[in-house]
$ cat input16.txt   # compact mmCIF, C-alpha atoms (C1' of nucleotides)
# COMPACT_ATOMS: atom_id res chain seq x y z
CA MET A 9 37.48 -2.16 -6.17
CA THR A 10 41.20 -2.89 -6.32
CA GLU A 11 43.01 -0.63 -3.93
CA THR A 12 46.35 0.91 -4.74
CA LEU A 13 48.72 -0.65 -2.28
CA SER A 14 51.00 2.02 -0.99
CA GLY A 15 53.77 0.21 0.83
CA GLU A 16 54.23 -2.55 -1.77
CA ARG A 17 55.89 -2.65 -5.17
CA PRO A 18 53.33 -2.94 -7.94
CA LEU A 19 52.39 -6.40 -9.11
CA ARG A 20 53.57 -7.64 -12.44
CA ALA A 21 50.88 -7.40 -15.11
CA ASP A 22 50.14 -11.12 -15.23
CA ALA A 23 50.02 -11.34 -11.48
CA ARG A 24 47.55 -8.50 -11.25
CA ARG A 25 45.42 -10.13 -13.90
CA ASN A 26 45.47 -13.46 -12.10
CA ARG A 27 44.70 -11.95 -8.74
CA GLN A 28 41.65 -10.41 -10.27
CA ARG A 29 40.54 -13.64 -11.86
CA ILE A 30 41.05 -15.49 -8.62
CA LEU A 31 38.90 -13.04 -6.72
CA GLU A 32 36.16 -13.24 -9.30
CA SER A 33 36.14 -17.01 -9.32
CA ALA A 34 36.29 -17.15 -5.57
CA ARG A 35 33.34 -14.80 -5.40
CA GLN A 36 31.30 -17.12 -7.55
CA VAL A 37 32.37 -20.37 -5.95
CA PHE A 38 32.10 -19.22 -2.35
CA SER A 39 28.81 -17.48 -3.00
CA GLU A 40 27.37 -20.71 -4.20
CA PHE A 41 28.89 -23.25 -1.85
CA GLY A 42 30.00 -21.22 1.11
CA SER A 43 33.35 -21.87 2.64
CA GLU A 44 33.09 -25.56 2.04
CA ALA A 45 34.05 -24.84 -1.55
CA GLN A 46 37.61 -25.90 -2.25
CA ILE A 47 40.61 -23.87 -3.24
CA ASN A 48 41.07 -26.28 -6.12
CA ASP A 49 37.70 -25.28 -7.49
CA VAL A 50 38.57 -21.63 -7.24
CA ALA A 51 41.91 -22.19 -8.96
CA HIS A 52 40.37 -24.28 -11.69
CA ARG A 53 37.61 -21.84 -12.41
CA ALA A 54 40.11 -19.03 -12.53
CA GLY A 55 42.21 -21.05 -14.96
CA VAL A 56 45.29 -21.03 -12.73
CA GLY A 57 47.07 -23.55 -10.52
CA VAL A 58 46.49 -23.86 -6.80
CA GLY A 59 49.94 -22.50 -6.20
CA THR A 60 48.96 -19.26 -7.83
CA VAL A 61 46.06 -18.84 -5.50
CA TYR A 62 48.42 -19.34 -2.59
CA ARG A 63 50.85 -16.82 -4.01
CA HIS A 64 48.14 -14.21 -3.64
CA PHE A 65 46.41 -15.36 -0.49
CA PRO A 66 48.32 -17.11 2.29
CA THR A 67 45.37 -19.23 3.34
CA LYS A 68 41.88 -20.04 2.26
CA GLU A 69 40.58 -18.04 5.15
CA ALA A 70 42.45 -14.97 3.97
CA LEU A 71 40.80 -15.29 0.60
CA VAL A 72 37.35 -15.55 2.12
CA ALA A 73 38.15 -12.64 4.38
CA GLU A 74 39.05 -10.45 1.44
CA LEU A 75 35.77 -11.28 -0.24
CA VAL A 76 33.86 -10.44 2.89
CA ARG A 77 35.77 -7.21 3.24
CA GLN A 78 34.91 -6.24 -0.32
CA LYS A 79 31.28 -6.99 0.33
CA PHE A 80 31.28 -4.71 3.34
CA VAL A 81 32.87 -2.02 1.22
CA LEU A 82 30.08 -2.48 -1.27
CA PHE A 83 27.47 -2.27 1.46
CA ALA A 84 29.10 0.90 2.70
CA ALA A 85 28.85 2.39 -0.77
CA GLN A 86 25.17 1.56 -0.85
CA ALA A 87 24.72 3.13 2.55
CA ARG A 88 26.35 6.27 1.21
CA GLU A 89 23.89 6.32 -1.67
CA ALA A 90 21.04 5.85 0.75
CA LEU A 91 22.23 8.94 2.61
CA ASP A 92 22.02 10.90 -0.62
CA ARG A 93 18.52 9.88 -1.46
CA PRO A 94 15.87 12.42 -0.50
CA VAL A 95 13.49 10.05 1.22
CA GLU A 96 12.33 9.68 4.76
CA PRO A 97 15.38 8.42 6.70
CA PHE A 98 13.72 5.41 8.26
CA ASP A 99 12.45 4.26 4.90
CA ALA A 100 15.89 4.72 3.47
CA LEU A 101 17.29 2.51 6.21
CA ALA A 102 14.63 -0.11 5.71
CA ASP A 103 15.24 -0.21 1.99
CA LEU A 104 18.94 -0.50 2.59
CA MET A 105 18.36 -3.44 4.87
CA ARG A 106 16.16 -5.06 2.26
CA ALA A 107 18.77 -4.56 -0.43
CA ASN A 108 21.47 -5.98 1.81
CA GLY A 109 19.19 -8.88 2.57
CA GLU A 110 18.81 -9.74 -1.08
CA ALA A 111 22.56 -9.53 -1.53
CA LEU A 112 23.21 -11.78 1.44
CA HIS A 113 20.61 -14.17 0.15
CA ARG A 114 22.78 -14.76 -2.91
CA ASP A 115 25.98 -15.26 -0.98
CA ALA A 116 26.41 -18.37 1.13
CA ALA A 117 29.87 -17.38 2.32
CA MET A 118 28.59 -14.10 3.69
CA GLN A 119 25.75 -15.86 5.44
CA GLN A 120 28.16 -18.23 7.09
CA THR A 121 30.45 -15.45 8.14
CA LEU A 122 27.73 -13.28 9.60
CA ALA A 123 25.84 -16.11 11.26
CA GLY A 124 28.89 -18.08 12.29
CA PHE A 125 31.84 -18.25 14.60
CA ASP A 126 34.52 -17.46 12.07
CA ASP A 127 36.43 -14.89 14.12
CA GLU A 128 39.46 -14.54 11.87
CA VAL A 129 37.54 -13.58 8.78
CA TRP A 130 35.55 -11.18 10.85
CA ALA A 131 38.68 -9.53 12.20
CA THR A 132 40.07 -8.86 8.75
CA ALA A 133 36.89 -7.24 7.62
CA GLN A 134 36.53 -5.15 10.75
CA PRO A 135 37.72 -1.79 9.34
CA ALA A 136 35.32 -2.04 6.43
CA LEU A 137 32.57 -3.03 8.81
CA ASP A 138 33.32 -0.07 11.03
CA GLU A 139 32.82 2.29 8.16
CA LEU A 140 29.58 0.61 7.24
CA LEU A 141 28.39 0.96 10.81
CA ALA A 142 29.34 4.62 10.90
CA LEU A 143 27.32 5.33 7.79
CA THR A 144 24.42 3.35 9.15
CA GLN A 145 24.61 5.35 12.32
CA GLU A 146 24.31 8.55 10.32
CA LEU A 147 21.17 7.24 8.69
CA ILE A 148 19.82 6.31 12.09
CA ASP A 149 20.64 9.71 13.53
CA ARG A 150 18.57 11.32 10.84
CA ALA A 151 15.72 8.97 11.57
CA HIS A 152 15.99 9.90 15.22
CA ARG A 153 15.68 13.54 14.34
CA ALA A 154 12.65 12.70 12.25
CA GLY A 155 11.29 10.69 15.16
CA THR A 156 10.52 7.73 12.93
CA ILE A 157 12.82 5.21 14.57
CA ARG A 158 12.84 3.55 17.98
CA PRO A 159 14.51 6.10 20.26
CA ASP A 160 17.27 3.82 21.48
CA ALA A 161 18.11 2.20 18.14
CA THR A 162 21.76 2.10 17.10
CA ALA A 163 23.78 0.95 14.12
CA SER A 164 24.98 -1.91 16.23
CA ASP A 165 21.40 -3.09 16.54
CA VAL A 166 21.06 -3.16 12.80
CA GLY A 167 24.28 -5.13 12.53
CA MET A 168 23.12 -7.70 15.02
CA LEU A 169 19.76 -8.06 13.37
CA MET A 170 21.30 -8.56 9.95
CA CYS A 171 23.55 -11.24 11.36
CA GLY A 172 20.50 -12.90 12.80
CA LEU A 173 18.81 -12.70 9.46
CA CYS A 174 21.59 -14.78 7.97
CA ALA A 175 20.80 -17.57 10.38
CA THR A 176 17.27 -17.71 9.05
CA MET A 177 18.57 -17.61 5.51
CA ALA A 178 20.63 -20.68 6.19
CA ARG A 179 17.47 -22.44 7.29
CA SER A 180 15.23 -21.21 4.51
CA THR A 181 17.76 -21.84 1.78
CA VAL A 182 18.56 -25.39 2.78
CA ALA A 183 16.21 -28.18 1.82
CA ASP A 184 12.71 -28.22 3.18
CA SER A 185 12.90 -24.95 5.11
CA ALA A 186 12.17 -26.85 8.27
CA ALA A 187 9.46 -24.89 9.97
CA GLY A 188 8.23 -22.47 7.36
CA PHE A 189 11.08 -20.10 7.94
CA ASP A 190 11.11 -17.17 5.57
CA TRP A 191 13.90 -14.68 5.80
CA ARG A 192 11.98 -11.89 4.13
CA ARG A 193 9.32 -12.20 6.77
CA HIS A 194 12.04 -12.22 9.42
CA LEU A 195 13.45 -9.03 7.97
CA GLU A 196 10.11 -7.25 7.95
CA LEU A 197 9.52 -8.22 11.56
CA MET A 198 12.84 -6.69 12.47
CA ILE A 199 12.23 -3.53 10.50
CA ASP A 200 8.89 -3.13 12.25
CA GLY A 201 10.63 -3.67 15.56
CA LEU A 202 12.97 -0.78 14.88
CA ARG A 203 10.18 1.57 13.92
CA ALA A 204 9.07 4.23 16.36
CA ARG A 205 5.83 3.34 18.06
CA MET B 24 15.11 -38.07 29.67
CA THR B 25 15.97 -41.61 28.53
CA GLU B 26 13.12 -43.05 26.53
CA THR B 27 12.07 -46.66 26.82
CA LEU B 28 12.83 -48.15 23.45
CA SER B 29 9.96 -50.34 22.43
CA GLY B 30 11.14 -52.35 19.45
CA GLU B 31 14.62 -53.11 20.77
CA ARG B 32 15.90 -55.57 23.31
CA PRO B 33 16.98 -53.85 26.50
CA LEU B 34 20.59 -52.78 26.79
CA ARG B 35 22.92 -54.63 29.05
CA ALA B 36 23.44 -52.79 32.34
CA ASP B 37 26.96 -51.64 31.55
CA ALA B 38 25.89 -50.49 28.12
CA ARG B 39 23.07 -48.44 29.51
CA ARG B 40 25.41 -46.89 32.04
CA ASN B 41 27.96 -46.04 29.39
CA ARG B 42 25.43 -44.60 27.03
CA GLN B 43 24.38 -42.28 29.77
CA ARG B 44 27.93 -41.27 30.57
CA ILE B 45 28.63 -40.64 26.92
CA LEU B 46 25.62 -38.39 26.59
CA GLU B 47 26.59 -36.44 29.67
CA SER B 48 30.16 -35.97 28.54
CA ALA B 49 29.07 -35.07 25.07
CA ARG B 50 26.70 -32.51 26.50
CA GLN B 51 29.56 -30.86 28.35
CA VAL B 52 32.13 -31.04 25.60
CA PHE B 53 29.87 -29.95 22.77
CA SER B 54 28.35 -27.18 24.88
CA GLU B 55 31.77 -25.75 25.42
CA PHE B 56 33.43 -26.26 22.06
CA GLY B 57 30.56 -26.73 19.68
CA SER B 58 30.77 -29.42 17.08
CA GLU B 59 34.46 -28.90 16.57
CA ALA B 60 34.95 -30.90 19.75
CA GLN B 61 36.28 -34.35 18.97
CA ILE B 62 34.78 -37.74 19.60
CA ASN B 63 38.00 -38.67 21.33
CA ASP B 64 37.41 -35.95 23.88
CA VAL B 65 33.91 -37.14 24.52
CA ALA B 66 35.08 -40.71 24.91
CA HIS B 67 37.93 -39.75 27.18
CA ARG B 68 35.79 -37.62 29.42
CA ALA B 69 33.23 -40.39 29.66
CA GLY B 70 35.99 -42.80 30.59
CA VAL B 71 35.33 -45.12 27.67
CA GLY B 72 37.03 -45.93 24.39
CA VAL B 73 36.08 -44.33 21.09
CA GLY B 74 34.71 -47.61 19.90
CA THR B 75 32.15 -47.53 22.66
CA VAL B 76 30.91 -44.17 21.55
CA TYR B 77 30.51 -45.57 18.07
CA ARG B 78 28.66 -48.57 19.40
CA HIS B 79 25.99 -46.21 20.68
CA PHE B 80 25.97 -43.55 18.00
CA PRO B 81 26.78 -44.43 14.40
CA THR B 82 28.34 -41.05 13.66
CA LYS B 83 29.39 -37.92 15.42
CA GLU B 84 26.53 -36.12 13.81
CA ALA B 85 24.06 -38.59 15.26
CA LEU B 86 25.41 -37.89 18.70
CA VAL B 87 25.08 -34.15 18.28
CA ALA B 88 21.61 -34.65 16.86
CA GLU B 89 20.52 -36.57 19.91
CA LEU B 90 21.78 -33.80 22.16
CA VAL B 91 19.91 -31.22 20.15
CA ARG B 92 16.79 -33.33 20.22
CA GLN B 93 16.99 -33.62 23.99
CA LYS B 94 17.38 -29.88 24.29
CA PHE B 95 14.27 -29.31 22.24
CA VAL B 96 12.43 -31.74 24.45
CA LEU B 97 13.59 -29.71 27.42
CA PHE B 98 12.45 -26.50 25.81
CA ALA B 99 9.10 -28.09 25.13
CA ALA B 100 8.77 -29.01 28.77
CA GLN B 101 9.48 -25.44 29.74
CA ALA B 102 6.92 -24.23 27.25
CA ARG B 103 4.39 -26.53 28.89
CA GLU B 104 5.19 -25.03 32.25
CA ALA B 105 4.78 -21.57 30.81
CA LEU B 106 1.32 -22.55 29.66
CA ASP B 107 0.46 -23.52 33.22
CA ARG B 108 1.60 -20.29 34.77
CA PRO B 109 -1.19 -17.81 35.44
CA VAL B 110 0.47 -14.78 33.91
CA GLU B 111 -0.34 -12.61 30.95
CA PRO B 112 0.33 -14.82 27.89
CA PHE B 113 2.66 -12.44 26.11
CA ASP B 114 4.76 -12.03 29.21
CA ALA B 115 4.88 -15.77 29.58
CA LEU B 116 6.13 -16.05 26.02
CA ALA B 117 8.71 -13.34 26.54
CA ASP B 118 10.01 -14.98 29.68
CA LEU B 119 10.18 -18.29 27.91
CA MET B 120 12.24 -16.73 25.16
CA ARG B 121 14.55 -15.19 27.74
CA ALA B 122 15.00 -18.50 29.50
CA ASN B 123 15.71 -20.26 26.23
CA GLY B 124 18.16 -17.51 25.39
CA GLU B 125 20.12 -18.12 28.56
CA ALA B 126 20.17 -21.83 27.88
CA LEU B 127 21.37 -21.33 24.33
CA HIS B 128 23.97 -18.94 25.59
CA ARG B 129 25.59 -21.78 27.49
CA ASP B 130 25.52 -24.21 24.61
CA ALA B 131 27.78 -23.66 21.64
CA ALA B 132 26.56 -26.73 19.80
CA MET B 133 22.97 -25.52 19.94
CA GLN B 134 24.01 -22.12 18.70
CA GLN B 135 25.79 -23.66 15.76
CA THR B 136 22.89 -25.88 14.95
CA LEU B 137 20.30 -23.14 15.11
CA ALA B 138 22.38 -20.53 13.35
CA GLY B 139 24.03 -22.90 10.92
CA PHE B 140 23.54 -25.01 7.84
CA ASP B 141 23.65 -28.38 9.54
CA ASP B 142 20.60 -29.94 7.87
CA GLU B 143 21.06 -33.51 9.10
CA VAL B 144 21.07 -32.69 12.78
CA TRP B 145 18.09 -30.48 12.22
CA ALA B 146 16.19 -33.28 10.54
CA THR B 147 16.69 -35.66 13.43
CA ALA B 148 15.42 -33.14 15.92
CA GLN B 149 12.43 -32.17 13.80
CA PRO B 150 9.75 -34.08 15.70
CA ALA B 151 10.85 -32.59 18.99
CA LEU B 152 10.96 -29.18 17.39
CA ASP B 153 7.48 -29.62 16.00
CA GLU B 154 6.14 -30.24 19.44
CA LEU B 155 7.93 -27.21 20.78
CA LEU B 156 6.44 -25.12 18.01
CA ALA B 157 2.98 -26.43 18.71
CA LEU B 158 3.23 -25.47 22.36
CA THR B 159 4.60 -22.08 21.42
CA GLN B 160 1.69 -21.62 19.08
CA GLU B 161 -0.71 -22.29 21.92
CA LEU B 162 0.97 -19.59 23.97
CA ILE B 163 0.74 -17.24 21.03
CA ASP B 164 -2.92 -18.01 20.46
CA ARG B 165 -3.65 -17.03 24.01
CA ALA B 166 -1.73 -13.80 23.54
CA HIS B 167 -3.75 -13.15 20.43
CA ARG B 168 -6.93 -13.53 22.37
CA ALA B 169 -5.54 -11.15 24.94
CA GLY B 170 -4.60 -8.79 22.15
CA THR B 171 -1.11 -8.34 23.54
CA ILE B 172 0.82 -9.76 20.61
CA ARG B 173 1.33 -8.60 17.04
CA PRO B 174 -1.78 -9.83 15.21
CA ASP B 175 0.08 -11.82 12.58
CA ALA B 176 2.68 -13.38 14.87
CA THR B 177 3.21 -17.14 14.67
CA ALA B 178 5.29 -19.78 16.40
CA SER B 179 7.37 -19.98 13.29
CA ASP B 180 8.30 -16.34 13.77
CA VAL B 181 9.53 -17.08 17.25
CA GLY B 182 11.58 -19.98 15.92
CA MET B 183 13.20 -17.83 13.27
CA LEU B 184 13.99 -15.10 15.70
CA MET B 185 15.57 -17.46 18.18
CA CYS B 186 17.73 -18.88 15.41
CA GLY B 187 18.76 -15.37 14.57
CA LEU B 188 19.59 -14.74 18.17
CA CYS B 189 22.10 -17.55 18.04
CA ALA B 190 23.97 -15.76 15.31
CA THR B 191 24.42 -12.77 17.56
CA MET B 192 25.49 -15.05 20.39
CA ALA B 193 28.24 -16.43 18.24
CA ARG B 194 29.48 -12.90 17.74
CA SER B 195 29.12 -11.73 21.31
CA THR B 196 30.62 -14.85 22.82
CA VAL B 197 33.70 -14.90 20.65
CA ALA B 198 36.57 -12.63 21.50
CA ASP B 199 36.11 -8.89 21.26
CA SER B 200 32.40 -8.94 20.46
CA ALA B 201 33.18 -7.10 17.26
CA ALA B 202 30.77 -4.24 17.14
CA GLY B 203 29.26 -4.12 20.57
CA PHE B 204 26.89 -6.96 19.83
CA ASP B 205 24.87 -8.00 22.81
CA TRP B 206 22.49 -10.88 22.44
CA ARG B 207 20.31 -9.89 25.36
CA ARG B 208 19.71 -6.56 23.71
CA HIS B 209 18.97 -8.37 20.46
CA LEU B 210 16.43 -10.51 22.25
CA GLU B 211 14.66 -7.56 23.83
CA LEU B 212 14.43 -5.85 20.46
CA MET B 213 12.78 -8.92 19.06
CA ILE B 214 10.38 -9.30 21.95
CA ASP B 215 9.36 -5.69 21.53
CA GLY B 216 8.90 -6.31 17.85
CA LEU B 217 6.42 -9.08 18.56
CA ARG B 218 4.40 -7.00 20.99
CA ALA B 219 1.08 -5.54 19.88
CA ARG B 220 1.32 -1.87 19.09
C1' DG C 1 31.06 -72.21 37.28
C1' DA C 2 30.80 -72.35 32.40
C1' DC C 3 28.98 -70.45 28.14
C1' DT C 4 27.78 -67.02 24.92
C1' DA C 5 25.83 -63.00 23.24
C1' DT C 6 26.88 -58.24 24.13
C1' DA C 7 29.79 -54.77 24.93
C1' DG C 8 34.30 -52.37 25.32
C1' DT C 9 39.01 -51.01 23.63
C1' DG C 10 42.12 -48.13 21.06
C1' DA C 11 45.71 -48.56 17.59
C1' DA C 12 45.45 -48.35 12.83
C1' DC C 13 43.21 -46.90 8.79
C1' DC C 14 41.54 -43.60 5.46
C1' DG C 15 39.47 -39.86 3.03
C1' DT C 16 39.66 -35.17 2.68
C1' DG C 17 41.39 -31.02 1.41
C1' DA C 18 44.55 -27.34 2.69
C1' DT C 19 49.29 -26.19 1.87
C1' DT C 20 54.08 -26.72 0.13
C1' DC C 21 57.76 -26.81 -3.13
C1' DC C 22 60.63 -26.82 -6.92
C1' DG C 23 61.28 -27.08 -11.88
C1' DG C 24 59.66 -24.44 -15.66
C1' DT C 25 57.67 -19.60 -17.57
C1' DT C 26 57.22 -14.94 -18.46
C1' DG C 27 57.18 -9.93 -17.65
C1' DT C 28 60.30 -6.15 -17.17
C1' DC C 29 64.11 -3.38 -17.69
C1' DA C 30 68.55 -2.14 -19.35
C1' DT D 3 67.86 -9.34 -26.94
C1' DG D 4 69.67 -11.12 -22.54
C1' DA D 5 69.36 -11.57 -17.72
C1' DC D 6 66.91 -12.05 -13.75
C1' DA D 7 63.43 -11.49 -10.57
C1' DA D 8 58.82 -12.42 -10.20
C1' DC D 9 55.56 -15.62 -11.18
C1' DC D 10 53.04 -20.01 -12.40
C1' DG D 11 51.67 -24.97 -12.15
C1' DG D 12 50.06 -28.93 -9.99
C1' DA D 13 51.78 -33.37 -8.18
C1' DA D 14 53.20 -34.60 -3.73
C1' DT D 15 52.94 -33.80 1.07
C1' DC D 16 50.85 -33.44 5.43
C1' DA D 17 47.75 -32.84 9.23
C1' DC D 18 43.66 -33.88 10.99
C1' DG D 19 40.05 -36.36 12.94
C1' DG D 20 36.18 -39.46 12.00
C1' DT D 21 35.56 -44.32 11.65
C1' DT D 22 36.73 -49.30 11.68
C1' DC D 23 37.94 -53.82 13.35
C1' DA D 24 40.28 -57.68 15.50
C1' DC D 25 40.72 -58.81 19.93
C1' DT D 26 39.49 -58.88 24.88
C1' DA D 27 36.25 -58.39 28.77
C1' DT D 28 31.95 -59.01 31.05
C1' DA D 29 26.79 -59.30 32.07
C1' DG D 30 23.26 -62.39 31.98
C1' DT D 31 21.68 -67.13 31.96
C1' DC D 32 21.49 -72.18 32.79

$ encode --input "input16.txt" --output "structure tokens"
Amino acid sequence: MTETLSGERPLRADARRNRQRILESARQVFSEFGSEAQINDVAHRAGVGVGTVYRHFPTKEALVAELVRQKFVLFAAQAREALDRPVEPFDALADLMRANGEALHRDAAMQQTLAGFDDEVWATAQPALDELLALTQELIDRAHRAGTIRPDATASDVGMLMCGLCATMARSTVADSAAGFDWRRHLELMIDGLRAR
Amino acid sequence: MTETLSGERPLRADARRNRQRILESARQVFSEFGSEAQINDVAHRAGVGVGTVYRHFPTKEALVAELVRQKFVLFAAQAREALDRPVEPFDALADLMRANGEALHRDAAMQQTLAGFDDEVWATAQPALDELLALTQELIDRAHRAGTIRPDATASDVGMLMCGLCATMARSTVADSAAGFDWRRHLELMIDGLRAR
DNA sequence: GACTATAGTGAACCGTGATTCCGGTTGTCA
DNA sequence: TGACAACCGGAATCACGGTTCACTATAGTC
């Protein structure tokens, strides 16, 4: 999870420890409250001062961005596993989407990022996203060969649809779920839409 | 567009005029910048003081909510027209969704509201939304009878999907359009997904 | 034309929460 | 163990923008 930074001198032991704690706390806090959670909360939960958070991440946005990036990395890992599984490619893709859906469901910050306008966060996570998309594309290519997916489907389509799913999550998580919105239903509709006819 | 308020004494002429100007300016400003636009901007563009805006709308959120409500009313009107058109019901629905898509595309505040977590605004617009959903349901019922729509499709599905579409719009409007996201493509995928197989 | 309830004005206020900053700590290395 | 760079803490600062309010202007009415 923690990359070895090549161009930078290694962090002092305590700093490394704190950075880790901060990321963990941030993951919890932002998952629960989205980006409206406060840096103070993160710092407090991590048992450090605000200043320490800022030593590691120049802005709140940068911290959120790193979390999002990590999540994309995780998704990419899952996509890689999906590629290894010996099941029908389209089913593998569908299951992957379902798994991602559940993960997004538990993470308000990710929902906001995917459904929202937050360009900066998005930019930071771009490389990780690109890899995820590449892996997804591989899965889709296989499905094409098997003829089980819509002929013109692309990884980009899946990305868009998952972003859209987050919008519905926002609505079905919050309060009364206005008009009977149900993200799992939304997801199944989309999966069906991708299927070959 | 402007309802006749029953329980309240009529506004003074200048007040009515200003209220109208404020709504128009707000429509422009919020369409362009979403809810991050400032009340000051709205007031300035309308040629009135901030205080005047607050005389008409207790909070910024209330102003946005009214705009959203009006938009839903507009959508409902369009849905009614669609019901009157003598075309195949599913096509009518699809065209309606396309038209709504274009409208949403030009309105950042609507995108944010539909894709976002903004429960209060949503609540205010609920009645208008309910009517829109009812009309949509009628269109869908007809399509069911014609057998041209997915047998289990509901108006709620359409609502969810349109909300999802707004998420993609956010991504394709902003900057680089990250991963080749294209909301029109997203929309067509969804329409296809709703079609009977 | 005068009177008054309504309406308009915008500088000032205020809460919020991100960010800074500097005095005190602590790892690391010789 | 001493020295110093790296690091930590968290009160204070600061920017921002929604909201208020004391005062002025004006539509509507007699």

$ closest_residue --input "input16.txt" --among "B:Leu86, B:Ala100, B:Val73, B:Met213" --to "chain D" --atoms "only C-alpha atoms (C1' of nucleotides)"
B:Val73

$ residues_around --input "input16.txt" --residues "D:DA7" --least-positions-apart "2" --cutoff "12 Å" --atoms "only C-alpha atoms (C1' of nucleotides)" --output "number ranges by chain"
A: 20; C: 26-29; D: 5, 9

$ interface_residues --input "input16.txt" --of "chain B" --to "chain C" --cutoff "8 Å" --atoms "all atoms listed in the file" --output "JSON, numbers by chain"
{"B": [35, 37, 38, 71, 72, 73, 74, 75]}

$ interface_residues --input "input16.txt" --of "chain D" --to "chain B" --cutoff "10 Å" --atoms "all atoms listed in the file" --output "compact mmCIF listing (two decimals) with C-alpha atoms (C1' of nucleotides), in the coordinates of the input"
# COMPACT_ATOMS: atom_id res chain seq x y z
C1' DG D 19 40.05 -36.36 12.94
C1' DG D 20 36.18 -39.46 12.00
C1' DT D 21 35.56 -44.32 11.65
C1' DT D 22 36.73 -49.30 11.68
C1' DC D 23 37.94 -53.82 13.35
C1' DT D 28 31.95 -59.01 31.05
C1' DA D 29 26.79 -59.30 32.07
C1' DG D 30 23.26 -62.39 31.98

$ residues_near_point --input "input16.txt" --point "(37.7, -40.1, 30.8)" --cutoff "12 Å" --atoms "all atoms listed in the file" --output "count of residues only"
19

$ closest_atom_pairs --input "input16.txt" --of "chain A" --to "chain B" --cutoff "9 Å" --atoms "only C-alpha atoms" --output "CSV"
residue,atom,partner,partner_atom,distance
A:Gln120,CA,B:Gly139,CA,7.3
A:Leu122,CA,B:Ala190,CA,7.3
A:Ala123,CA,B:Ala190,CA,4.5
A:Gly124,CA,B:Ala193,CA,6.2
A:Phe125,CA,B:Ala193,CA,5.4
A:Asp126,CA,B:Arg194,CA,8.9
A:Asp127,CA,B:Val197,CA,7.1
A:Trp130,CA,B:Ala201,CA,8.0
A:Ala131,CA,B:Ala201,CA,7.9
A:Gln134,CA,B:Ala201,CA,7.6
A:Leu137,CA,B:Ala202,CA,8.6
A:Asp138,CA,B:Ala202,CA,7.8
A:Leu141,CA,B:Ala202,CA,8.5
A:Ser164,CA,B:Ala202,CA,6.3
A:Asp165,CA,B:His209,CA,7.0
A:Gly167,CA,B:Phe204,CA,8.0
A:Met168,CA,B:Thr191,CA,5.8
A:Leu169,CA,B:His209,CA,7.1
A:Met170,CA,B:Gly187,CA,8.6
A:Cys171,CA,B:Ala190,CA,6.0
A:Gly172,CA,B:Gly187,CA,3.5
A:Leu173,CA,B:Gly187,CA,5.8
A:Cys174,CA,B:Gly187,CA,7.2
A:Ala175,CA,B:Ala138,CA,4.5
A:Thr176,CA,B:Met183,CA,5.9
A:Ala178,CA,B:Phe140,CA,5.5
A:Arg179,CA,B:Phe140,CA,6.6
A:Thr181,CA,B:Phe140,CA,9.0
A:Val182,CA,B:Phe140,CA,7.1
A:Ala183,CA,B:Asp142,CA,7.7
A:Ala186,CA,B:Gln149,CA,7.7
A:Ala187,CA,B:Ser179,CA,6.3
A:Gly188,CA,B:Ser179,CA,6.5
A:Phe189,CA,B:Met183,CA,6.2
A:Asp190,CA,B:Met183,CA,8.0
A:Trp191,CA,B:Met183,CA,8.1
A:Arg193,CA,B:Asp180,CA,8.2
A:His194,CA,B:Met183,CA,6.9
A:Leu197,CA,B:Gly216,CA,6.6
A:Met198,CA,B:Gly216,CA,6.7
A:Ile199,CA,B:Gly216,CA,8.5
A:Asp200,CA,B:Gly216,CA,6.4
A:Gly201,CA,B:Gly216,CA,3.9
A:Leu202,CA,B:Gly216,CA,7.5
A:Arg203,CA,B:Gly216,CA,8.9
A:Arg205,CA,B:Arg220,CA,7.0

$ atom_distance --input "input16.txt" --atom1 "atom CA of B:His79" --atom2 "atom CA of B:Leu34"
10.5 Å

$ atom_distance --input "input16.txt" --atom1 "atom CA of A:Thr132" --atom2 "atom CA of A:Val72"
9.8 Å

$ residues_around --input "input16.txt" --residues "B:Leu97" --least-positions-apart "5" --cutoff "10 Å" --atoms "all atoms listed in the file" --output "ChimeraX atom specification"
/B:24,91-92,102-103,123,151,155

$ closest_residue --input "input16.txt" --among "B:Leu119, B:Ala85, B:Ala60, B:Ala132" --to "B:Ile163" --atoms "only C-alpha atoms"
B:Leu119

$ atom_distance --input "input16.txt" --atom1 "atom CA of A:Leu91" --atom2 "atom CA of A:Met105"
13.2 Å

$ closest_residue --input "input16.txt" --among "A:Glu128, A:Ala107, A:Ala133, A:Pro97" --to "A:His152" --atoms "all atoms listed in the file"
A:Pro97
